[in-house]
Structure formats: C-alpha cells, structure tokens
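**Q** Just so it is clear, I am handing over start.cif, which has mmCIF, C-alpha atoms.
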```
data_model
loop_
_atom_site.group_PDB
_atom_site.id
_atom_site.type_symbol
_atom_site.label_atom_id
_atom_site.label_comp_id
_atom_site.auth_asym_id
_atom_site.auth_seq_id
_atom_site.Cartn_x
_atom_site.Cartn_y
_atom_site.Cartn_z
ATOM 1 C CA MET J 1209 -38.476 -21.659 -33.076
ATOM 2 C CA ASN J 1210 -34.788 -22.641 -33.402
ATOM 3 C CA GLU J 1211 -34.019 -19.324 -35.102
ATOM 4 C CA THR J 1212 -35.503 -17.393 -32.194
ATOM 5 C CA ALA J 1213 -33.456 -19.402 -29.701
ATOM 6 C CA ASP J 1214 -30.293 -18.867 -31.787
ATOM 7 C CA LYS J 1215 -30.944 -15.111 -31.965
ATOM 8 C CA ARG J 1216 -31.518 -14.943 -28.217
ATOM 9 C CA ARG J 1217 -28.308 -16.905 -27.565
ATOM 10 C CA SER J 1218 -26.228 -14.686 -29.869
ATOM 11 C CA GLY J 1219 -27.778 -11.632 -28.149
ATOM 12 C CA VAL J 1220 -26.670 -12.918 -24.771
ATOM 13 C CA VAL J 1221 -23.171 -13.682 -26.099
ATOM 14 C CA SER J 1222 -22.734 -10.263 -27.699
ATOM 15 C CA ARG J 1223 -24.047 -8.507 -24.573
ATOM 16 C CA SER J 1224 -21.587 -10.504 -22.445
ATOM 17 C CA ILE J 1225 -18.691 -9.573 -24.747
ATOM 18 C CA VAL J 1226 -19.667 -5.890 -24.630
ATOM 19 C CA ALA J 1227 -19.987 -6.009 -20.808
ATOM 20 C CA PHE J 1228 -16.591 -7.756 -20.538
ATOM 21 C CA GLY J 1229 -14.979 -5.164 -22.796
ATOM 22 C CA ARG J 1230 -16.642 -2.334 -20.891
ATOM 23 C CA PHE J 1231 -15.358 -3.699 -17.561
ATOM 24 C CA TRP J 1232 -11.768 -3.801 -18.816
ATOM 25 C CA TRP J 1233 -12.068 -0.368 -20.456
ATOM 26 C CA GLU J 1234 -13.378 1.109 -17.183
ATOM 27 C CA PHE J 1235 -10.751 -0.753 -15.164
ATOM 28 C CA LEU J 1236 -7.729 0.191 -17.293
ATOM 29 C CA VAL J 1237 -8.696 3.486 -18.925
ATOM 30 C CA GLY J 1238 -11.838 4.973 -17.329
ATOM 31 C CA ASP J 1239 -11.605 8.714 -16.820
ATOM 32 C CA THR J 1240 -7.807 8.689 -16.472
ATOM 33 C CA PRO J 1241 -6.502 7.563 -19.886
ATOM 34 C CA GLU J 1242 -3.222 9.358 -19.124
ATOM 35 C CA LEU J 1243 -2.406 6.747 -16.448
ATOM 36 C CA PHE J 1244 -2.933 3.899 -18.913
ATOM 37 C CA VAL J 1245 -0.693 5.601 -21.485
ATOM 38 C CA ALA J 1246 1.861 6.360 -18.750
ATOM 39 C CA THR J 1247 1.941 2.685 -17.745
ATOM 40 C CA LEU J 1248 2.589 1.636 -21.358
ATOM 41 C CA ILE J 1249 5.434 4.170 -21.491
ATOM 42 C CA VAL J 1250 6.891 2.856 -18.206
ATOM 43 C CA ILE J 1251 6.760 -0.725 -19.555
ATOM 44 C CA GLY J 1252 8.469 0.435 -22.765
ATOM 45 C CA LEU J 1253 11.175 2.259 -20.823
ATOM 46 C CA ALA J 1254 11.805 -0.754 -18.565
ATOM 47 C CA ILE J 1255 12.152 -3.081 -21.575
ATOM 48 C CA ALA J 1256 14.393 -0.634 -23.462
ATOM 49 C CA LEU J 1257 16.712 0.089 -20.521
ATOM 50 C CA HIS J 1258 16.782 -3.293 -18.757
ATOM 51 C CA ARG J 1259 20.499 -3.830 -19.471
ATOM 52 C CA HIS J 1260 21.447 -0.600 -17.699
ATOM 53 C CA THR J 1261 20.245 -1.199 -14.139
ATOM 54 C CA ILE J 1262 20.912 2.205 -12.562
ATOM 55 C CA VAL J 1263 19.651 4.186 -15.566
ATOM 56 C CA ALA J 1264 16.562 1.962 -15.768
ATOM 57 C CA VAL J 1265 15.775 2.369 -12.052
ATOM 58 C CA VAL J 1266 16.171 6.168 -12.152
ATOM 59 C CA VAL J 1267 14.273 6.687 -15.421
ATOM 60 C CA VAL J 1268 11.408 4.299 -14.570
ATOM 61 C CA LEU J 1269 10.875 5.804 -11.120
ATOM 62 C CA ALA J 1270 11.095 9.373 -12.451
ATOM 63 C CA ALA J 1271 8.534 8.496 -15.118
ATOM 64 C CA VAL J 1272 6.087 7.026 -12.569
ATOM 65 C CA VAL J 1273 6.434 9.965 -10.151
ATOM 66 C CA GLY J 1274 6.112 12.454 -13.033
ATOM 67 C CA CYS J 1275 3.005 10.731 -14.404
ATOM 68 C CA LEU J 1276 1.352 10.695 -10.982
ATOM 69 C CA GLY J 1277 2.044 14.419 -10.590
ATOM 70 C CA LEU J 1278 0.724 15.265 -14.052
ATOM 71 C CA SER J 1279 -2.419 13.178 -13.666
ATOM 72 C CA THR J 1280 -3.165 14.681 -10.233
ATOM 73 C CA TRP J 1281 -2.648 18.174 -11.661
ATOM 74 C CA ARG J 1282 -4.996 17.345 -14.528
ATOM 75 C CA GLY J 1283 -7.610 16.039 -12.043
ATOM 76 C CA ARG J 1284 -7.412 19.302 -10.076
ATOM 77 C CA LYS J 1285 -7.916 21.320 -13.248
ATOM 78 C CA ARG J 1286 -10.978 19.311 -14.281
ATOM 79 C CA LEU J 1287 -12.573 19.672 -10.856
ATOM 80 C CA LYS J 1288 -12.189 23.464 -10.740
ATOM 81 C CA MET W 226 9.734 -12.563 3.184
ATOM 82 C CA THR W 227 9.623 -8.748 2.913
ATOM 83 C CA SER W 228 7.527 -8.896 -0.230
ATOM 84 C CA SER W 229 5.182 -11.493 1.317
ATOM 85 C CA VAL W 230 4.478 -9.244 4.306
ATOM 86 C CA ILE W 231 3.887 -6.176 2.110
ATOM 87 C CA LEU W 232 1.728 -8.304 -0.213
ATOM 88 C CA ALA W 233 -0.424 -9.568 2.666
ATOM 89 C CA LEU W 234 -0.812 -6.020 4.042
ATOM 90 C CA ALA W 235 -1.653 -4.586 0.613
ATOM 91 C CA VAL W 236 -4.315 -7.218 -0.110
ATOM 92 C CA PHE W 237 -5.754 -6.917 3.411
ATOM 93 C CA GLY W 238 -5.928 -3.116 3.188
ATOM 94 C CA ALA W 239 -7.407 -3.028 -0.308
ATOM 95 C CA SER W 240 -9.993 -5.671 0.580
ATOM 96 C CA ALA W 241 -10.920 -3.869 3.807
ATOM 97 C CA VAL W 242 -11.515 -0.581 1.955
ATOM 98 C CA GLU W 243 -13.718 -2.232 -0.674
ATOM 99 C CA MET W 244 -15.570 -4.313 1.912
ATOM 100 C CA VAL W 245 -16.461 -1.208 3.967
ATOM 101 C CA GLU W 246 -18.207 0.111 0.847
ATOM 102 C CA ALA W 247 -19.916 -3.245 0.227
ATOM 103 C CA LEU W 248 -20.988 -3.587 3.860
ATOM 104 C CA THR W 249 -22.637 -0.153 3.768
ATOM 105 C CA ILE W 250 -24.845 -1.371 0.905
ATOM 106 C CA VAL W 251 -25.592 -4.725 2.587
ATOM 107 C CA LEU W 252 -26.553 -2.963 5.844
ATOM 108 C CA ALA W 253 -28.838 -0.589 3.937
ATOM 109 C CA ALA W 254 -30.438 -3.491 2.036
ATOM 110 C CA GLY W 255 -30.814 -5.544 5.232
ATOM 111 C CA ILE W 256 -32.460 -2.768 7.225
ATOM 112 C CA SER W 257 -34.822 -1.635 4.483
ATOM 113 C CA ARG W 258 -35.696 -4.954 2.759
ATOM 114 C CA GLY W 259 -35.021 -7.636 5.378
ATOM 115 C CA TRP W 260 -31.839 -9.376 6.531
ATOM 116 C CA ARG W 261 -32.442 -12.808 5.037
ATOM 117 C CA SER W 262 -32.346 -11.647 1.398
ATOM 118 C CA ALA W 263 -29.521 -9.163 1.986
ATOM 119 C CA LEU W 264 -27.291 -11.758 3.658
ATOM 120 C CA GLU W 265 -28.105 -14.371 1.007
ATOM 121 C CA GLY W 266 -27.251 -11.871 -1.754
ATOM 122 C CA ALA W 267 -23.955 -10.995 -0.061
ATOM 123 C CA ALA W 268 -23.074 -14.671 0.506
ATOM 124 C CA VAL W 269 -23.812 -15.689 -3.102
ATOM 125 C CA ALA W 270 -21.722 -12.768 -4.408
ATOM 126 C CA ALA W 271 -18.814 -13.748 -2.139
ATOM 127 C CA LEU W 272 -19.077 -17.339 -3.403
ATOM 128 C CA VAL W 273 -19.061 -16.236 -7.062
ATOM 129 C CA LEU W 274 -15.991 -14.069 -6.401
ATOM 130 C CA ALA W 275 -14.167 -16.958 -4.698
ATOM 131 C CA VAL W 276 -14.916 -19.227 -7.682
ATOM 132 C CA LEU W 277 -13.593 -16.477 -9.981
ATOM 133 C CA VAL W 278 -10.302 -16.328 -8.056
ATOM 134 C CA ALA W 279 -9.874 -20.104 -8.278
ATOM 135 C CA ALA W 280 -10.962 -20.351 -11.934
ATOM 136 C CA VAL W 281 -8.787 -17.510 -13.237
ATOM 137 C CA GLY W 282 -5.956 -17.458 -10.698
ATOM 138 C CA VAL W 283 -4.836 -21.057 -10.772
ATOM 139 C CA PRO W 284 -4.399 -21.238 -14.599
ATOM 140 C CA LEU W 285 -2.635 -17.830 -14.512
ATOM 141 C CA VAL W 286 -0.070 -19.113 -12.032
ATOM 142 C CA HIS W 287 0.569 -22.410 -13.827
ATOM 143 C CA LEU W 288 0.318 -21.620 -17.543
ATOM 144 C CA ILE W 289 1.832 -18.185 -18.187
ATOM 145 C CA PRO W 290 5.614 -17.564 -18.026
ATOM 146 C CA LEU W 291 6.495 -15.572 -14.890
ATOM 147 C CA ASP W 292 8.210 -12.639 -16.651
ATOM 148 C CA VAL W 293 5.270 -12.087 -19.029
ATOM 149 C CA LEU W 294 2.849 -12.366 -16.114
ATOM 150 C CA ARG W 295 4.826 -9.805 -14.107
ATOM 151 C CA VAL W 296 4.941 -7.221 -16.915
ATOM 152 C CA VAL W 297 1.215 -7.531 -17.751
ATOM 153 C CA ILE W 298 -0.013 -7.800 -14.184
ATOM 154 C CA GLY W 299 2.503 -5.251 -12.879
ATOM 155 C CA GLY W 300 1.106 -2.887 -15.497
ATOM 156 C CA MET W 301 -2.444 -3.459 -14.246
ATOM 157 C CA LEU W 302 -1.348 -2.897 -10.648
ATOM 158 C CA LEU W 303 0.426 0.283 -11.694
ATOM 159 C CA VAL W 304 -2.721 1.651 -13.383
ATOM 160 C CA LEU W 305 -4.840 0.712 -10.356
ATOM 161 C CA GLY W 306 -2.322 1.957 -7.757
ATOM 162 C CA LEU W 307 -1.704 5.298 -9.501
ATOM 163 C CA ASN W 308 -5.469 5.786 -9.801
ATOM 164 C CA TRP W 309 -6.010 5.181 -6.071
ATOM 165 C CA LEU W 310 -3.079 7.456 -5.178
ATOM 166 C CA ARG W 311 -4.295 10.234 -7.462
ATOM 167 C CA LYS W 312 -7.795 10.130 -5.925
ATOM 168 C CA ALA W 313 -6.358 9.973 -2.392
ATOM 169 C CA ILE W 314 -4.137 13.033 -3.041
ATOM 170 C CA LEU W 315 -7.053 14.995 -4.526
ATOM 171 C CA ARG W 316 -9.286 14.060 -1.568
ATOM 172 C CA ALA W 317 -6.658 14.736 1.109
ATOM 173 C CA SER W 318 -5.850 18.150 -0.387
ATOM 174 C CA GLY W 319 -9.530 19.133 -0.620
ATOM 175 C CA HIS W 320 -9.867 18.944 -4.405
ATOM 176 C CA LYS W 321 -12.286 16.022 -4.403
ATOM 177 C CA ALA W 322 -15.063 15.182 -1.940
ATOM 178 C CA LEU W 323 -14.312 12.411 0.562
ATOM 179 C CA HIS W 324 -16.185 9.126 0.129
ATOM 180 C CA ASP W 325 -19.221 9.612 2.371
ATOM 181 C CA GLU W 326 -20.543 6.261 3.690
ATOM 182 C CA ASP W 327 -23.369 8.040 5.551
ATOM 183 C CA ALA W 328 -24.628 9.602 2.314
ATOM 184 C CA ILE W 329 -24.391 6.264 0.463
ATOM 185 C CA TYR W 330 -26.268 4.577 3.305
ATOM 186 C CA ARG W 331 -29.031 7.215 3.355
ATOM 187 C CA THR W 332 -29.438 7.141 -0.443
ATOM 188 C CA THR W 333 -29.603 3.335 -0.570
ATOM 189 C CA VAL W 334 -32.085 3.099 2.311
ATOM 190 C CA SER W 335 -34.378 5.760 0.875
ATOM 191 C CA SER W 336 -34.333 4.163 -2.575
ATOM 192 C CA LEU W 337 -35.161 0.729 -1.117
ATOM 193 C CA SER W 338 -37.659 1.620 1.591
ATOM 194 C CA THR W 339 -41.043 -0.032 1.051
ATOM 195 C CA PRO W 340 -43.642 -1.601 3.345
ATOM 196 C CA ALA W 341 -41.775 -4.884 2.725
ATOM 197 C CA GLY W 342 -38.923 -3.462 4.757
ATOM 198 C CA THR W 343 -38.994 -5.768 7.723
ATOM 199 C CA THR W 344 -40.321 -8.999 6.249
ATOM 200 C CA LYS W 345 -38.540 -12.243 7.004
ATOM 201 C CA SER W 346 -39.405 -13.807 3.656
ATOM 202 C CA ARG W 347 -37.185 -13.625 0.560
ATOM 203 C CA ASP W 348 -37.072 -10.278 -1.208
ATOM 204 C CA ALA W 349 -35.682 -10.122 -4.753
ATOM 205 C CA VAL W 350 -34.764 -6.425 -4.558
ATOM 206 C CA GLY W 351 -32.862 -6.803 -1.268
ATOM 207 C CA PHE W 352 -31.046 -9.865 -2.635
ATOM 208 C CA THR W 353 -30.101 -8.127 -5.888
ATOM 209 C CA VAL W 354 -28.894 -4.910 -4.239
ATOM 210 C CA ALA W 355 -26.754 -6.802 -1.710
ATOM 211 C CA PHE W 356 -25.433 -9.142 -4.440
ATOM 212 C CA LYS W 357 -24.518 -6.247 -6.739
ATOM 213 C CA GLY W 358 -22.920 -4.270 -3.905
ATOM 214 C CA VAL W 359 -20.683 -7.131 -2.788
ATOM 215 C CA PHE W 360 -19.967 -8.381 -6.324
ATOM 216 C CA LEU W 361 -19.038 -5.008 -7.837
ATOM 217 C CA GLU W 362 -16.926 -3.869 -4.868
ATOM 218 C CA GLY W 363 -15.442 -7.354 -4.638
ATOM 219 C CA LEU W 364 -14.386 -7.431 -8.298
ATOM 220 C CA GLU W 365 -11.641 -4.928 -7.533
ATOM 221 C CA VAL W 366 -10.540 -7.134 -4.635
ATOM 222 C CA VAL W 367 -10.482 -10.135 -6.982
ATOM 223 C CA MET W 368 -8.298 -8.180 -9.414
ATOM 224 C CA ILE W 369 -5.888 -7.285 -6.615
ATOM 225 C CA VAL W 370 -5.789 -10.848 -5.260
ATOM 226 C CA LEU W 371 -5.205 -12.260 -8.748
ATOM 227 C CA THR W 372 -2.572 -9.718 -9.755
ATOM 228 C CA LEU W 373 -0.593 -9.665 -6.516
ATOM 229 C CA GLY W 374 -1.079 -13.377 -5.855
ATOM 230 C CA SER W 375 -0.174 -14.708 -9.285
ATOM 231 C CA SER W 376 2.838 -12.431 -9.903
ATOM 232 C CA SER W 377 4.417 -13.368 -6.602
ATOM 233 C CA ARG W 378 3.291 -17.018 -6.811
ATOM 234 C CA HIS W 379 1.507 -16.464 -3.469
ATOM 235 C CA LEU W 380 -2.100 -16.770 -4.626
ATOM 236 C CA ALA W 381 -3.146 -18.617 -1.457
ATOM 237 C CA LEU W 382 -1.597 -15.953 0.806
ATOM 238 C CA ALA W 383 -3.344 -13.196 -1.163
ATOM 239 C CA ALA W 384 -6.692 -15.022 -1.029
ATOM 240 C CA VAL W 385 -6.371 -15.669 2.722
ATOM 241 C CA SER W 386 -5.490 -11.985 3.359
ATOM 242 C CA ALA W 387 -8.571 -10.882 1.403
ATOM 243 C CA ALA W 388 -10.783 -13.385 3.249
ATOM 244 C CA ALA W 389 -9.378 -12.160 6.589
ATOM 245 C CA ALA W 390 -10.253 -8.568 5.644
ATOM 246 C CA VAL W 391 -13.805 -9.626 4.729
ATOM 247 C CA VAL W 392 -14.212 -11.359 8.111
ATOM 248 C CA VAL W 393 -12.685 -8.459 10.103
ATOM 249 C CA VAL W 394 -14.773 -5.800 8.318
ATOM 250 C CA GLY W 395 -17.886 -7.981 8.615
ATOM 251 C CA VAL W 396 -17.433 -8.503 12.369
ATOM 252 C CA VAL W 397 -16.461 -4.880 13.108
ATOM 253 C CA GLY W 398 -19.243 -3.614 10.843
ATOM 254 C CA THR W 399 -21.829 -5.745 12.633
ATOM 255 C CA ILE W 400 -20.627 -4.449 16.009
ATOM 256 C CA VAL W 401 -20.413 -0.760 15.125
ATOM 257 C CA GLY W 402 -23.437 -0.853 12.812
ATOM 258 C CA ARG W 403 -23.798 2.360 10.893
ATOM 259 C CA GLN W 404 -20.609 3.998 12.225
ATOM 260 C CA LEU W 405 -18.724 2.900 9.100
ATOM 261 C CA SER W 406 -18.279 6.551 8.180
ATOM 262 C CA GLU W 407 -15.721 6.713 11.030
ATOM 263 C CA VAL W 408 -13.371 4.423 9.080
ATOM 264 C CA PRO W 409 -10.477 6.551 7.757
ATOM 265 C CA GLU W 410 -11.143 5.303 4.256
ATOM 266 C CA ASN W 411 -9.067 7.850 2.368
ATOM 267 C CA ALA W 412 -5.990 7.209 4.527
ATOM 268 C CA MET W 413 -6.392 3.450 4.012
ATOM 269 C CA LYS W 414 -6.837 3.928 0.282
ATOM 270 C CA MET W 415 -3.703 6.066 0.204
ATOM 271 C CA VAL W 416 -1.599 3.429 1.980
ATOM 272 C CA VAL W 417 -2.900 0.675 -0.296
ATOM 273 C CA GLY W 418 -2.357 2.883 -3.362
ATOM 274 C CA ILE W 419 1.280 3.330 -2.305
ATOM 275 C CA MET W 420 1.700 -0.442 -1.941
ATOM 276 C CA LEU W 421 -0.025 -1.288 -5.238
ATOM 277 C CA THR W 422 2.056 1.305 -7.113
ATOM 278 C CA SER W 423 5.240 -0.047 -5.496
ATOM 279 C CA PHE W 424 4.424 -3.642 -6.464
ATOM 280 C CA GLY W 425 3.372 -2.522 -9.948
ATOM 281 C CA VAL W 426 6.660 -0.724 -10.674
ATOM 282 C CA PHE W 427 8.671 -3.517 -9.063
ATOM 283 C CA TRP W 428 7.134 -6.261 -11.195
ATOM 284 C CA VAL W 429 6.947 -4.329 -14.455
ATOM 285 C CA ALA W 430 10.678 -3.624 -14.255
ATOM 286 C CA GLU W 431 11.610 -7.095 -12.986
ATOM 287 C CA GLY W 432 9.513 -8.789 -15.678
ATOM 288 C CA ALA W 433 11.238 -6.589 -18.280
ATOM 289 C CA GLY W 434 14.635 -7.798 -17.060
ATOM 290 C CA VAL W 435 15.713 -4.970 -14.723
ATOM 291 C CA ARG W 436 17.496 -6.278 -11.611
ATOM 292 C CA TRP W 437 16.547 -4.142 -8.596
ATOM 293 C CA PRO W 438 19.416 -3.266 -6.238
ATOM 294 C CA GLY W 439 18.910 -5.341 -3.067
ATOM 295 C CA SER W 440 16.291 -7.531 -4.777
ATOM 296 C CA ASP W 441 12.995 -7.765 -2.783
ATOM 297 C CA LEU W 442 14.280 -5.297 -0.176
ATOM 298 C CA PHE W 443 14.022 -2.550 -2.797
ATOM 299 C CA LEU W 444 10.250 -2.789 -2.371
ATOM 300 C CA LEU W 445 10.661 -0.976 0.963
ATOM 301 C CA ALA W 446 12.541 1.827 -0.809
ATOM 302 C CA LEU W 447 9.734 2.047 -3.375
ATOM 303 C CA VAL W 448 7.110 2.248 -0.610
ATOM 304 C CA GLY W 449 9.151 5.045 1.014
ATOM 305 C CA LEU W 450 9.565 6.890 -2.282
ATOM 306 C CA PHE W 451 5.854 6.818 -3.138
ATOM 307 C CA ALA W 452 4.857 7.698 0.442
ATOM 308 C CA ALA W 453 7.157 10.747 0.316
ATOM 309 C CA THR W 454 5.867 11.696 -3.158
ATOM 310 C CA THR W 455 2.258 11.441 -1.954
ATOM 311 C CA ALA W 456 2.918 13.491 1.188
ATOM 312 C CA GLY W 457 4.771 16.115 -0.855
ATOM 313 C CA ALA W 458 1.992 16.281 -3.465
ATOM 314 C CA ILE W 459 -0.708 16.750 -0.797
ATOM 315 C CA ARG W 460 1.281 19.476 0.989
ATOM 316 C CA TRP W 461 2.037 21.232 -2.287
ATOM 317 C CA MET W 462 -1.566 21.116 -3.510
ATOM 318 C CA ARG W 463 -2.850 22.405 -0.169
ATOM 319 C CA ALA W 464 -0.336 25.249 -0.142
ATOM 320 C CA VAL W 465 -0.410 26.339 -3.765
ATOM 321 C CA LEU W 466 -3.984 25.610 -4.802
ATOM 322 C CA PRO W 467 -7.074 26.634 -2.877
ATOM 323 C CA ALA W 468 -9.361 23.729 -2.023
ATOM 324 C CA ALA W 469 -12.230 23.467 -4.484
ATOM 325 C CA VAL W 470 -14.515 20.996 -2.724
ATOM 326 C CA GLU W 471 -16.318 21.212 0.608
ATOM 327 C CA GLN W 472 -15.790 17.979 2.578
ATOM 328 C CA PRO W 473 -18.806 16.151 4.044
ATOM 329 C CA ARG W 474 -17.578 16.155 7.648
#
```
Take the structure in this file and express it as structure tokens.

**A**
Amino acid sequence: MNETADKRRSGVVSRSIVAFGRFWWEFLVGDTPELFVATLIVIGLAIALHRHTIVAVVVVLAAVVGCLGLSTWRGRKRLK
Amino acid sequence: MTSSVILALAVFGASAVEMVEALTIVLAAGISRGWRSALEGAAVAALVLAVLVAAVGVPLVHLIPLDVLRVVIGGMLLVLGLNWLRKAILRASGHKALHDEDAIYRTTVSSLSTPAGTTKSRDAVGFTVAFKGVFLEGLEVVMIVLTLGSSSRHLALAAVSAAAAVVVVGVVGTIVGRQLSEVPENAMKMVVGIMLTSFGVFWVAEGAGVRWPGSDLFLLALVGLFAATTAGAIRWMRAVLPAAVEQPR
C-alpha cells in the first residue's frame, strides 16, 4: 500500500521536473536555438569588454543586430 | 524615470498581446460551453499567475545580487525579445502567416461545441479550456513581469501595468466581442519585441559592468536602433525576397 503511494508520488515528482525542464527548454531554446547561443555570446562579449565602454557598446550592439538578421534569414529559409 | 515609463509600456503592451490571445479562447469556451465555467477557469488561472509573481518575484528582488540578476534576466529578455522581433519581421514581410484570432476562435468553438453549450451549470471542459488558455498565455506575461520588474526593482509597477492590460483587454474584448481579429497584434508584438530587446541588451551589459553613455537615457537610443533595424529588415525582406505565405486577411 505504502509502496504504491510512494511510486505514485515519485511519478508525480518526476513528471513535474520533466514539465518544468520542458517549459524552460521551450522558453529559452525552442525552435530558435541560434538566439539562445547568440545571447550567451552577447553576455560573454559584455563581460570580456566591460572595461572598454565604447568598444563594448559597439561590439555588443553589432552582435545583437547581426544575430537578429541571421536568425530572421534562417527563419525565411526554413519557411520556403 | 525614462526606464520606468518604457518598462510600464513594455509590460502593458506584452500583456495586452498575450491577453488578446487568452480572451479569444475564453470567449470561445464561454459561448460553446457556458459562461460560468469559462469565467471561473479564467479567474482561477489569473489568481494562480498572480500568486506565482508574488512567490517568485519577491525573493528574486530581495535575495539575488542586482548585477547577477540583470545579466541572467537580461539574457532571458534578450532571447524573448529577439524571438518576438524575428517573428514580427517574418510576419510583416509576408514570410510567416499572421496570427489569425478568427481562425483560433472558430477552431476552439467547433472543438468544444456540444449540446451542453448553453448550460448555466458548471462544465469541466469549459473550465479547463479557459484555465489553460489564460494560464499558458499568462505565463509569458509572468515571465516579462518578473524579468522587467525584478531587474529594475520595480516589480509593483510591472505587476500593475500587466493588471491594467488585463483589465483594458477584458473590457474592450467584452464590448467588441469577436472583433479581436481587428487588433493589430503583429504591430503590437513588434513594438514590445523592440522594447524587450532594448531592456535585455541594456541590463546584460550593465550587469556585466559596462557603463552606458547617458545612463538610463541610452535606453531610448537602443529603442531607436532596434526600431530602425526592424524597419530596415522588413523593407529588405519585402524587396529582395518574394513573400512565401498568403496572409489570412
């Protein structure tokens, strides 16, 4: 009796963990993994260049604009 | 001050877009399965979302160092904002079908229609559909409220802006009924995408230690930059690439 209840409880817990993980995967990666990777690159660039304000501003903004363009281009290609 | 105004507008716009989608589902559930269950489902979902904001948002604001919070949450906003912008550019240039509220409404009504359609008693299906519609669409709003609100330490302002959008969309939606397809959803999504991307870049860089020229005022420059980029991308895609998708209207 207790074993069955334990199994049911662990089933609910594991299903909740999977659903939680799936939500975050869909939210952050989904069908545009390039945007997630691009964001990690932008964060890396900002951390690496933070002492050089002008360079950091130019490089970070260029990276974001470039990533948006590439991802949009990729979306157009997939829809063709 | 500048960032507070942009924050309130961004949260209001994002919430309004998501709530139009949720309201379409609630209206369909209400008409086909009865209003009592649909409204109860929507209300319970809204309550759960509000509890989520309070339960997650308040500890975020008080326990995590601001710079760490800004990098992590700015990153999330950047992913979300770029995604919205990308979709908006593809839709505006004819490479992706526009979100069609009429089609969603018709599909939901036809999948729910049963003889129980007009009963006044509780209906589990109507409740569940309305709950899921509001909860799932609202989760994105919760993410935006939490990310924008906690990074700027204006969680209450973000929550109030979202609540205002829910009320406005609810009232307007009730008045205009099924004319929700007239809402310029893609344009709204584009504007919000520009704001989310601007906030995302701003906070990622600031959290990493970059000092923006002009401080908060630089947000306006970012909004201008991403608006110009979006307009340029749409014009370029329309001119260079033939549209691949027929739009619903």

**Q** Please expand the PyMOL selection byres ((chain J) within 6 of (chain W)) into the concrete residues it hits in this file, giving the result as a list of chain:residue names.

**A**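 Evaluating the PyMOL selection byres ((chain J) within 6 of (chain W)) on this file yields J:Leu1243, J:Phe1244, J:Ala1254, J:Ile1255, J:His1258, J:Thr1261, J:Thr1280.
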
**Q** For segment 369-382 of chain W, list every protein, DNA or RNA residue within 8 Å, evaluated using all atoms listed in the file, and leave out those in the same chain fewer than 5 positions away; present the list as a PyMOL selection string.

**A** chain W and resi 229+232-233+236+239+278+281-283+285-286+291+294-295+298-299+301-302+387+424+428

**Q** Looking at W:Ala452, W:Val276, W:Ala464, W:Leu248, which one is nearest to Val1273 of chain J, with distances taken over all atoms listed in the file?

**A**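 Once distances to Val1273 of chain J are computed over all atoms listed in the file, the minimum belongs to W:Ala452.
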
**Q** Would you compute the distance between atom CA of Cys1275 of chain J and atom CA of Pro409 of chain W? Give it in Å to one decimal.

**A**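 It comes out at 26.3 Å.
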
**Q** Distance atom CA of Gly449 of chain W-atom CA of Val1237 of chain J, one decimal place?

**A** 26.8 Å

**Q** Between W:Leu264, W:Val245, W:Val230, W:Ile289, which has the minimum distance to Val401 of chain W (counting only C-alpha atoms)?

**A**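 Result for the nearest residue to Val401 of chain W: W:Val245.
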
**Q** Report, in Å with one decimal, the straight-line distance from atom CA of Arg1259 of chain J to atom CA of Thr1247 of chain J.

**A**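 Value for the atom CA of Arg1259 of chain J-atom CA of Thr1247 of chain J distance: 19.7 Å.
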
**Q** I need the residue nearest Val1245 of chain J from this list: J:Val1267, J:Val1272, J:Ala1227, J:Val1220. Use all atoms listed in the file for the distance.

**A**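 The answer is J:Val1272, which sits nearest to Val1245 of chain J.
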
**Q** Would you translate the PyMOL selection byres ((chain W and resi 273) around 12) into the concrete set of residues it matches in this file, as a ChimeraX atom specification?

**A** /W:266-272,274-280,356-357,359-361,363-364,367

**Q** For the structure provided, state which residues fall under the PyMOL selection byres ((chain W and resi 254) around 7), and present them as a list in words.

**A**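 When the PyMOL selection byres ((chain W and resi 254) around 7) is applied to the shown file, the picked residues are Ile250, Val251, Leu252, Ala253, Gly255, Ile256, Ser257, Arg258, Ala263, Val334, Gly351, Val354 and Ala355 of chain W.
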
**Q** Nearest to Val1266 of chain J among J:Gly1219, J:Ser1279, J:Phe1231, J:Val1250, with distances taken over all atoms listed in the file: which residue is it?

**A** J:Val1250

**Q** Taking only C-alpha atoms into account, name the residue in W:Gly439, W:Gly259, W:Pro290, W:Gly457 that is nearest to Gly1277 of chain J.

**A**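 Checking each candidate against Gly1277 of chain J, we get W:Gly457 as the closest.
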